[in-house]
file target.cif (mmCIF, C-alpha atoms)
data_final
loop_
_atom_site.group_PDB
_atom_site.id
_atom_site.type_symbol
_atom_site.label_atom_id
_atom_site.label_comp_id
_atom_site.auth_asym_id
_atom_site.auth_seq_id
_atom_site.Cartn_x
_atom_site.Cartn_y
_atom_site.Cartn_z
ATOM 1 C CA MET A 1 8.394 -38.405 2.765
ATOM 2 C CA ARG A 2 8.233 -34.633 3.075
ATOM 3 C CA PHE A 3 11.259 -32.443 3.613
ATOM 4 C CA LEU A 4 11.715 -28.767 4.339
ATOM 5 C CA MET A 5 14.748 -27.367 2.561
ATOM 6 C CA MET A 6 15.771 -24.037 4.083
ATOM 7 C CA THR A 7 18.242 -21.511 2.739
ATOM 8 C CA THR A 8 20.074 -19.577 5.437
ATOM 9 C CA ASP A 9 21.982 -16.300 5.383
ATOM 10 C CA ASP A 10 24.624 -15.320 7.895
ATOM 11 C CA GLY A 11 24.771 -11.745 6.602
ATOM 12 C CA SER A 12 27.591 -12.386 4.150
ATOM 13 C CA ALA A 13 25.362 -12.934 1.103
ATOM 14 C CA GLY A 14 26.819 -11.763 -2.171
ATOM 15 C CA ASN A 15 25.229 -9.998 -5.105
ATOM 16 C CA PRO A 16 21.550 -10.358 -5.986
ATOM 17 C CA PRO A 17 20.714 -13.066 -8.553
ATOM 18 C CA ASP A 18 21.155 -12.239 -12.241
ATOM 19 C CA GLU A 19 18.661 -12.976 -15.038
ATOM 20 C CA ALA A 20 20.402 -16.205 -16.103
ATOM 21 C CA MET A 21 20.258 -17.638 -12.582
ATOM 22 C CA MET A 22 16.612 -16.602 -12.220
ATOM 23 C CA ALA A 23 15.778 -18.358 -15.525
ATOM 24 C CA GLN A 24 17.549 -21.556 -14.398
ATOM 25 C CA MET A 25 15.708 -21.432 -11.061
ATOM 26 C CA ALA A 26 12.353 -20.940 -12.831
ATOM 27 C CA GLU A 27 13.046 -24.050 -14.960
ATOM 28 C CA PHE A 28 14.028 -26.048 -11.873
ATOM 29 C CA ILE A 29 10.881 -24.966 -9.996
ATOM 30 C CA GLU A 30 8.684 -25.780 -13.003
ATOM 31 C CA GLU A 31 10.280 -29.220 -13.357
ATOM 32 C CA MET A 32 9.740 -30.030 -9.664
ATOM 33 C CA SER A 33 6.165 -28.707 -9.798
ATOM 34 C CA LYS A 34 5.261 -30.811 -12.850
ATOM 35 C CA ALA A 35 6.775 -33.887 -11.197
ATOM 36 C CA GLY A 36 4.632 -33.284 -8.096
ATOM 37 C CA VAL A 37 7.725 -33.003 -5.897
ATOM 38 C CA LEU A 38 7.467 -29.311 -5.004
ATOM 39 C CA LEU A 39 4.642 -28.629 -2.550
ATOM 40 C CA ALA A 40 5.500 -24.993 -1.698
ATOM 41 C CA THR A 41 8.403 -22.571 -2.013
ATOM 42 C CA GLY A 42 9.157 -18.953 -1.253
ATOM 43 C CA GLY A 43 11.392 -16.322 0.222
ATOM 44 C CA LEU A 44 11.028 -15.132 3.783
ATOM 45 C CA ASP A 45 11.026 -11.578 5.122
ATOM 46 C CA PRO A 46 14.019 -11.205 7.478
ATOM 47 C CA ARG A 47 11.930 -8.923 9.694
ATOM 48 C CA ALA A 48 10.347 -11.825 11.551
ATOM 49 C CA THR A 49 8.084 -11.619 14.573
ATOM 50 C CA ARG A 50 9.288 -13.721 17.497
ATOM 51 C CA ILE A 51 6.708 -15.206 19.863
ATOM 52 C CA THR A 52 7.905 -16.526 23.219
ATOM 53 C CA SER A 53 5.900 -18.351 25.861
ATOM 54 C CA SER A 54 7.353 -18.633 29.358
ATOM 55 C CA GLY A 55 5.558 -19.255 32.621
ATOM 56 C CA GLY A 56 2.176 -18.586 31.036
ATOM 57 C CA LYS A 57 3.263 -15.183 29.666
ATOM 58 C CA ILE A 58 3.356 -14.717 25.889
ATOM 59 C CA THR A 59 5.702 -12.073 24.493
ATOM 60 C CA VAL A 60 5.672 -10.792 20.907
ATOM 61 C CA THR A 61 8.821 -9.074 19.571
ATOM 62 C CA ASP A 62 9.288 -7.678 16.081
ATOM 63 C CA GLY A 63 12.607 -8.204 14.227
ATOM 64 C CA PRO A 64 15.082 -8.002 12.646
ATOM 65 C CA TYR A 65 17.283 -9.573 15.267
ATOM 66 C CA THR A 66 20.877 -8.420 15.215
ATOM 67 C CA GLU A 67 21.900 -11.215 17.590
ATOM 68 C CA ALA A 68 20.877 -13.907 15.097
ATOM 69 C CA LYS A 69 23.916 -15.592 13.549
ATOM 70 C CA GLU A 70 21.917 -16.885 10.610
ATOM 71 C CA VAL A 71 18.423 -16.348 9.315
ATOM 72 C CA VAL A 72 16.236 -18.595 7.171
ATOM 73 C CA VAL A 73 15.639 -16.541 4.009
ATOM 74 C CA GLY A 74 13.951 -19.096 1.770
ATOM 75 C CA PHE A 75 12.345 -22.503 1.799
ATOM 76 C CA ALA A 76 11.012 -25.323 -0.334
ATOM 77 C CA LEU A 77 8.645 -27.990 0.942
ATOM 78 C CA ILE A 78 9.168 -31.113 -1.152
ATOM 79 C CA GLU A 79 7.882 -34.689 -1.221
ATOM 80 C CA THR A 80 10.293 -37.437 -2.236
ATOM 81 C CA ARG A 81 10.572 -41.194 -1.776
ATOM 82 C CA THR A 82 13.819 -40.953 0.222
ATOM 83 C CA LYS A 83 16.056 -38.512 2.062
ATOM 84 C CA GLU A 84 18.703 -39.162 -0.586
ATOM 85 C CA GLU A 85 16.341 -37.806 -3.285
ATOM 86 C CA ALA A 86 15.800 -34.673 -1.179
ATOM 87 C CA ILE A 87 19.559 -34.230 -0.865
ATOM 88 C CA GLU A 88 19.997 -34.594 -4.638
ATOM 89 C CA LEU A 89 17.373 -31.888 -5.254
ATOM 90 C CA SER A 90 19.161 -29.649 -2.770
ATOM 91 C CA LYS A 91 22.459 -30.237 -4.584
ATOM 92 C CA ARG A 92 20.805 -29.203 -7.869
ATOM 93 C CA PHE A 93 19.497 -26.054 -6.186
ATOM 94 C CA TRP A 94 22.982 -25.112 -4.927
ATOM 95 C CA LYS A 95 24.516 -25.734 -8.352
ATOM 96 C CA ILE A 96 22.123 -23.086 -9.687
ATOM 97 C CA VAL A 97 22.505 -20.453 -6.943
ATOM 98 C CA GLY A 98 26.186 -20.930 -6.123
ATOM 99 C CA ASP A 99 27.707 -20.335 -2.708
ATOM 100 C CA GLY A 100 25.555 -20.532 0.377
ATOM 101 C CA GLU A 101 24.279 -22.781 3.095
ATOM 102 C CA GLY A 102 21.048 -24.527 3.920
ATOM 103 C CA VAL A 103 19.363 -27.171 6.001
ATOM 104 C CA ILE A 104 17.124 -30.126 5.114
ATOM 105 C CA GLN A 105 14.732 -31.479 7.735
ATOM 106 C CA GLN A 106 12.111 -34.172 7.427
ATOM 107 C CA VAL A 107 8.565 -32.956 8.074
ATOM 108 C CA PHE A 108 6.190 -35.169 10.032
ATOM 109 C CA GLY A 109 2.422 -34.808 9.940
ATOM 110 C CA PRO A 110 -0.583 -36.582 11.368
ATOM 111 C CA GLY A 111 -0.198 -40.319 10.917
ATOM 112 C CA ASP A 112 3.556 -40.172 10.228
ATOM 113 C CA ALA A 113 5.840 -42.230 12.442
ATOM 114 C CA PHE A 114 8.575 -40.223 14.127
ATOM 115 C CA PRO A 115 12.058 -41.778 14.246
ATOM 116 C CA GLY A 116 12.333 -44.264 17.075
ATOM 117 C CA GLN A 117 8.601 -44.985 17.235
#

call {"tool": "encode", "arguments": {"input": "target.cif", "output": "structure tokens"}}
result
Amino acid sequence: MRFLMMTTDDGSAGNPPDEAMMAQMAEFIEEMSKAGVLLATGGLDPRATRITSSGGKITVTDGPYTEAKEVVVGFALIETRTKEEAIELSKRFWKIVGDGEGVIQQVFGPGDAFPGQ
């Protein structure tokens, strides 16, 4: 099962990470990579480009978007046997970085059964 773990920011983020936290995160990322759990990870530029399609018209708008209540600022794409394992990895992440909020969503690809199918 693949899961997308997203870190969000509502604009109230605290101080930038210190060296100790960065070292712990590097160890965590290395451990997940060696175990084959981590498929991809990275930070996201808050200056997103929004693409909207309505009535056959496609509109492209550059950010940042002041009306956004929260923005996805980082992600990790992981592969685990269960959702519970994904949640445990997320808990380990939050123990390293401290306060914050995120979302975990299962990722479906070709050949995967969606819930209810």

call {"tool": "resolve_selection", "arguments": {"input": "target.cif", "expression": "the PyMOL selection byres ((chain A and resi 22-37) around 7)", "output": "list of chain:residue names"}}
result
A:Pro17, A:Asp18, A:Glu19, A:Ala20, A:Met21, A:Leu38, A:Leu39, A:Ile78, A:Glu79, A:Thr80, A:Ile96

call {"tool": "closest_residue", "arguments": {"input": "target.cif", "among": "A:Ala113, A:Ile51, A:Ala40, A:Met6", "to": "A:Gly100", "atoms": "all atoms listed in the file"}}
result
A:Met6

call {"tool": "closest_residue", "arguments": {"input": "target.cif", "among": "A:Pro16, A:Gly43, A:Gly102, A:Gly55", "to": "A:Ser90", "atoms": "all atoms listed in the file"}}
result
A:Gly102

call {"tool": "closest_residue", "arguments": {"input": "target.cif", "among": "A:Gly74, A:Gly63, A:Pro46, A:Gly56", "to": "A:Thr8", "atoms": "only C-alpha atoms"}}
result
A:Gly74

call {"tool": "resolve_selection", "arguments": {"input": "target.cif", "expression": "the PyMOL selection byres ((chain A and resi 4) around 6)", "output": "ChimeraX atom specification"}}
result
/A:3,5,76-77,104-105

call {"tool": "resolve_selection", "arguments": {"input": "target.cif", "expression": "the PyMOL selection byres ((chain A and resi 60) around 8)", "output": "list in words"}}
result
Thr49, Arg50, Ile51, Thr52, Ile58, Thr59, Thr61 and Asp62 of chain A

call {"tool": "closest_residue", "arguments": {"input": "target.cif", "among": "A:Lys91, A:Thr7, A:Lys83, A:Lys57", "to": "A:Val103", "atoms": "all atoms listed in the file"}}
result
A:Thr7

call {"tool": "atom_distance", "arguments": {"input": "target.cif", "atom1": "atom CA of A:Asp9", "atom2": "atom CA of A:Glu70"}}
result
5.3 Å

call {"tool": "atom_distance", "arguments": {"input": "target.cif", "atom1": "atom CA of A:Pro115", "atom2": "atom CA of A:Thr82"}}
result
14.2 Å

call {"tool": "atom_distance", "arguments": {"input": "target.cif", "atom1": "atom CA of A:Asp112", "atom2": "atom CA of A:Ala86"}}
result
17.6 Å

call {"tool": "axis_aligned_box", "arguments": {"input": "target.cif", "around": "stretch 20-24 of chain A", "padding_each_side": "3 Å", "output": "lines of an AutoDock Vina configuration file"}}
result
center_x = 18.1
center_y = -18.9
center_z = -14.2
size_x = 10.6
size_y = 11.4
size_z = 9.9
